[in-house]
Amino acid sequence: MKDSFWFPIVFMLINVVLFTGILAVMYRYSEVKIETYETASYQQKILGTMAAKIAEVTEQSPEEIIAAYPSSFEKYVQKLEPKDFEREVYKAVVDDQVVAYCFEIKGNGLWGSMRALVSTSTDFKTILDFAIVNQQETPGLGARIEEKWFLEQFQNRLFVVNPESNDDVTQSYEFIAETQTPVTDRQLKRVTGATITSDSVIKMLRAEFNYIYDYVRSNEL
Amino acid sequence: MTKKEIFINATFKDNAIWRQILGICSALAVTNLMLNSLIMGLGVIFTLAMAGMTISFIRAWTPRSVRMMVQVLIIAAYVIIVDIFLKANMPVISKQLGPYVGLIITNCILMGRAEAFASQNKVMDSLVDGIGSGIGYTMVLLLISFIRELFGFGSIFGFRIMGDWWTAWSIMVMAPSAFFILAMLIWIINTYYYKVKA
């Protein structure tokens with residue numbers, strides 16, 4: 001029977017249906033849990049990038065604000081939907097006053113695309129905080145761009161071309177080895193063994209910040 | 001062969017990496033950190049054991065012409081089960097693992113053991129062989145990653161071991177160092193284990 005023409009086809013079909021069915025049932029059963037976690041994780045990152053600024057106004061610590069998720073997210077964070085703007089954007093509002101904005105930005109790394117959240121000052125020129133949402137870089141090498149020390153380097157840095165002087169300060173940022181100590185405020189530490197990924201982060205921030213800044217100069221969020 | 005002999009053969013005598021030279025890609029890629037190696041190892045142990053058992057269970061009905069397709073299907077299904085389970089129940093660990101879980105499918109040891117052992121042996125023997133092969137693979141990964149993480153980052157499982165005086169060896173973080181260490185390991189074992197035994 002095993003040598004007949006139809007048996008291998010039927011056998012393969014049964015296996016495909018059986019295993020695909022098991023996976024489908026398992027995924028269906030876990031889907032809500034996975035989506036709930038992903039949404040919470042994303043919202044916590046949004047809150048985290050703006051927590052320091054909210055803390056300044058509310059006299060709480062950033063840690064307290066993050067720990068109070070989801071109530072703090074509902075209280076302070078609002079989603080915006082500006083016309084013809086192709087990025088997710090959120091604002092942090094305390095006592096009817098906007099204290100920070102948070103944008104989802106996209107770029108290309110070494111192996112694939114990456115998504116990040118970046119919070120900005122209300123003039124849209126300076127980075128307040130930065131978090132990676134997802135990336136496909138080499139684990140242990142490029143994937144280390146998610147580490148705190150790397151992301152914190154971008155805080156309070158200007159990331160747009162100054163329209164008056166046409167001065168692009170981002171061009172003057174330079175990477176130094178991870179083990180070195182920056183001696184100027186233009187130096188950033190590169191992840192060891194991940195030159196292309198480190199450079200890609202700068203490229204992404206430069207391109208996305210200029211897109212955002214161009215938009216807000218002629219439109220309202 | 002007794003189950004004990006099957007286990008010892010799979011873990012040491014016919015070790016997937018140093019004897020069969022299988023699973024080399026992942027041994028080079030994930031061994032820069034010990035935690036990555038351990039997690040990859042645990043995933044491979046589970047998949048090898050479960051896939052081996054299933055392939056062995058259906059071996060009497062599996063036609064030769066489609067056996068490799070069936071094996072790939074079973075291996076892929078178990079890897080996806082691990083992935084879904086971790087995402088739903090251990091999201092933090094799943095996040096740390098990143099692409100590693102998916103990469104288990106590409107590990108040559110899985111197809112190697114399915115074809116060489118599970119498709120010709122009893123269910124429980126295949127389970128023991130899968131666990132043994134997985135432990136043997138994990139052991140080598142941990143050994144390589146111990147050397148790489150210690151010299152490359154000055155840490156073990158993320159805990160700082162070397163003081164501030166230590167200058168990290170960048171080469172240890174990159175893939176070429178895994179080539180050197182793996183080659184030396186195979187050379188040492190061939191010289192002092194197999195040749196002496198022969």
# chains A, B, ... in the order shown; residues from 1 in each chain; ligands from 1

$ select_by_dssp --residues "range 1-60 of chain B" --states "alpha helix (DSSP H)" --output "PyMOL selection string"
chain B and resi 3-8+24-29+34-57

$ closest_atom_pairs --of "chain A" --to "chain B" --cutoff "6 Å" --atoms "only C-alpha atoms" --output "Markdown table"
| residue | atom | partner | partner_atom | distance |
| --- | --- | --- | --- | --- |
| A:Lys2 | CA | B:Pro63 | CA | 5.5 |
| A:Pro8 | CA | B:Pro63 | CA | 5.9 |
| A:Ser30 | CA | B:Ala88 | CA | 5.7 |
| A:Lys33 | CA | B:Ala88 | CA | 5.6 |
| A:Ile34 | CA | B:Ala88 | CA | 5.0 |

$ write_last_selection --atoms "C-alpha atoms" --output "PDB file, in the first residue's frame"
ATOM      1  CA  LYS A   2       2.891   2.380   0.868  1.00  0.00           C
ATOM      2  CA  PRO A   8       2.177   9.208  -0.199  1.00  0.00           C
ATOM      3  CA  SER A  30      -3.110  32.038  22.552  1.00  0.00           C
ATOM      4  CA  LYS A  33      -2.892  36.687  25.259  1.00  0.00           C
ATOM      5  CA  ILE A  34      -0.197  37.500  22.670  1.00  0.00           C
TER       6      ILE A  34
END

$ select_by_dssp --residues "chain B" --states "strand (DSSP E or B)" --output "number ranges by chain"
B: 155-156, 159-160

$ write_last_selection --atoms "C-alpha atoms" --output "short mmCIF file (atom, residue, chain, number, x, y, z; two decimals), in the first residue's frame"
data_model
loop_
_atom_site.label_atom_id
_atom_site.label_comp_id
_atom_site.auth_asym_id
_atom_site.auth_seq_id
_atom_site.Cartn_x
_atom_site.Cartn_y
_atom_site.Cartn_z
CA SER B 155 31.23 38.48 31.92
CA ILE B 156 29.54 35.08 32.42
CA PHE B 159 27.46 38.96 35.31
CA ARG B 160 30.68 40.96 35.26
#

$ closest_residue --among "B:Cys25, B:Leu38, B:Ile144, B:Ile93" --to "Asn107 in chain B" --atoms "only C-alpha atoms"
B:Cys25

$ closest_residue --among "A:Ser218, A:Thr184, A:Thr197, A:Ser119" --to "Gln155 in chain A" --atoms "only C-alpha atoms"
A:Ser119

$ atom_distance --atom1 "CA of Phe85 in chain A" --atom2 "CA of Glu208 in chain A"
11.9 Å

$ residues_around --residues "range 198-202 of chain A" --least-positions-apart "4" --cutoff "7 Å" --atoms "only C-alpha atoms" --output "PDB file with N, CA and C atoms, in the first residue's frame"
ATOM      1  N   ASN A 108      15.990  51.239   8.091  1.00  0.00           N
ATOM      2  CA  ASN A 108      16.557  49.956   7.696  1.00  0.00           C
ATOM      3  C   ASN A 108      17.841  49.686   8.455  1.00  0.00           C
ATOM      4  N   GLY A 109      17.959  48.465   8.964  1.00  0.00           N
ATOM      5  CA  GLY A 109      19.192  48.060   9.627  1.00  0.00           C
ATOM      6  C   GLY A 109      20.040  47.255   8.658  1.00  0.00           C
ATOM      7  N   ARG A 190      29.641  53.415  19.627  1.00  0.00           N
ATOM      8  CA  ARG A 190      29.124  52.423  18.676  1.00  0.00           C
ATOM      9  C   ARG A 190      29.076  51.049  19.353  1.00  0.00           C
ATOM     10  N   VAL A 191      28.108  50.227  18.944  1.00  0.00           N
ATOM     11  CA  VAL A 191      28.066  48.852  19.462  1.00  0.00           C
ATOM     12  C   VAL A 191      29.205  48.074  18.808  1.00  0.00           C
ATOM     13  N   ALA A 194      29.158  46.054  15.323  1.00  0.00           N
ATOM     14  CA  ALA A 194      27.890  46.380  14.648  1.00  0.00           C
ATOM     15  C   ALA A 194      27.939  47.802  14.077  1.00  0.00           C
ATOM     16  N   ARG A 206      17.981  60.728  11.648  1.00  0.00           N
ATOM     17  CA  ARG A 206      18.156  61.929  10.821  1.00  0.00           C
ATOM     18  C   ARG A 206      17.003  62.052   9.818  1.00  0.00           C
TER      19      ARG A 206
END

$ atom_distance --atom1 "CA of Ala177 in chain A" --atom2 "CA of Thr192 in chain A"
6.8 Å

$ residues_around --residues "Asp95 in chain A" --least-positions-apart "3" --cutoff "10 Å" --atoms "only C-alpha atoms" --output "number ranges by chain"
A: 57-58, 76, 98-99

$ write_last_selection --atoms "C-alpha atoms" --output "mmCIF file, in the first residue's frame"
data_model
loop_
_atom_site.group_PDB
_atom_site.id
_atom_site.type_symbol
_atom_site.label_atom_id
_atom_site.label_comp_id
_atom_site.auth_asym_id
_atom_site.auth_seq_id
_atom_site.Cartn_x
_atom_site.Cartn_y
_atom_site.Cartn_z
ATOM 1 C CA VAL A 57 5.429 68.509 35.780
ATOM 2 C CA THR A 58 3.654 66.080 38.113
ATOM 3 C CA TYR A 76 -1.472 61.357 30.291
ATOM 4 C CA VAL A 98 1.388 69.292 26.026
ATOM 5 C CA VAL A 99 4.750 68.345 27.544
#

$ closest_residue --among "B:Ala27, B:Leu42, B:Met184, B:Met34" --to "Leu150 in chain B" --atoms "only C-alpha atoms"
B:Met34

$ atom_distance --atom1 "CA of Trp111 in chain A" --atom2 "CA of Leu151 in chain A"
19.7 Å

$ residues_around --residues "Arg113 in chain B" --least-positions-apart "3" --cutoff "8 Å" --atoms "only C-alpha atoms" --output "list in words"
Leu48, Gly52, Ile109, Leu110, Ala116, Phe117, Ala118 and Gly130 of chain B

$ write_last_selection --atoms "N, CA and C atoms" --output "PDB file, in the first residue's frame"
ATOM      1  N   LEU B  48      14.332  18.302  19.341  1.00  0.00           N
ATOM      2  CA  LEU B  48      14.936  17.012  18.959  1.00  0.00           C
ATOM      3  C   LEU B  48      14.187  15.849  19.604  1.00  0.00           C
ATOM      4  N   GLY B  52      11.837  13.655  17.243  1.00  0.00           N
ATOM      5  CA  GLY B  52      12.356  12.288  17.121  1.00  0.00           C
ATOM      6  C   GLY B  52      11.296  11.266  17.500  1.00  0.00           C
ATOM      7  N   ILE B 109      21.226  19.322  12.858  1.00  0.00           N
ATOM      8  CA  ILE B 109      21.162  18.166  13.774  1.00  0.00           C
ATOM      9  C   ILE B 109      19.757  17.551  13.748  1.00  0.00           C
ATOM     10  N   LEU B 110      18.742  18.410  13.649  1.00  0.00           N
ATOM     11  CA  LEU B 110      17.356  17.922  13.680  1.00  0.00           C
ATOM     12  C   LEU B 110      17.070  16.970  12.535  1.00  0.00           C
ATOM     13  N   ALA B 116      18.794   9.729  10.475  1.00  0.00           N
ATOM     14  CA  ALA B 116      19.739   8.659  10.841  1.00  0.00           C
ATOM     15  C   ALA B 116      19.233   7.781  11.977  1.00  0.00           C
ATOM     16  N   PHE B 117      18.404   8.322  12.856  1.00  0.00           N
ATOM     17  CA  PHE B 117      18.010   7.527  14.023  1.00  0.00           C
ATOM     18  C   PHE B 117      16.500   7.336  14.152  1.00  0.00           C
ATOM     19  N   ALA B 118      15.770   8.449  14.258  1.00  0.00           N
ATOM     20  CA  ALA B 118      14.337   8.340  14.591  1.00  0.00           C
ATOM     21  C   ALA B 118      13.548   7.548  13.549  1.00  0.00           C
ATOM     22  N   GLY B 130      17.237  11.909  21.083  1.00  0.00           N
ATOM     23  CA  GLY B 130      16.994  13.347  20.890  1.00  0.00           C
ATOM     24  C   GLY B 130      17.490  14.149  22.077  1.00  0.00           C
TER      25      GLY B 130
END

$ residues_around --residues "Ile66 in chain A" --least-positions-apart "5" --cutoff "12 Å" --atoms "only C-alpha atoms" --output "PyMOL selection string"
chain A and resi 40-41+43-52+54-55+60-61+71-74+76
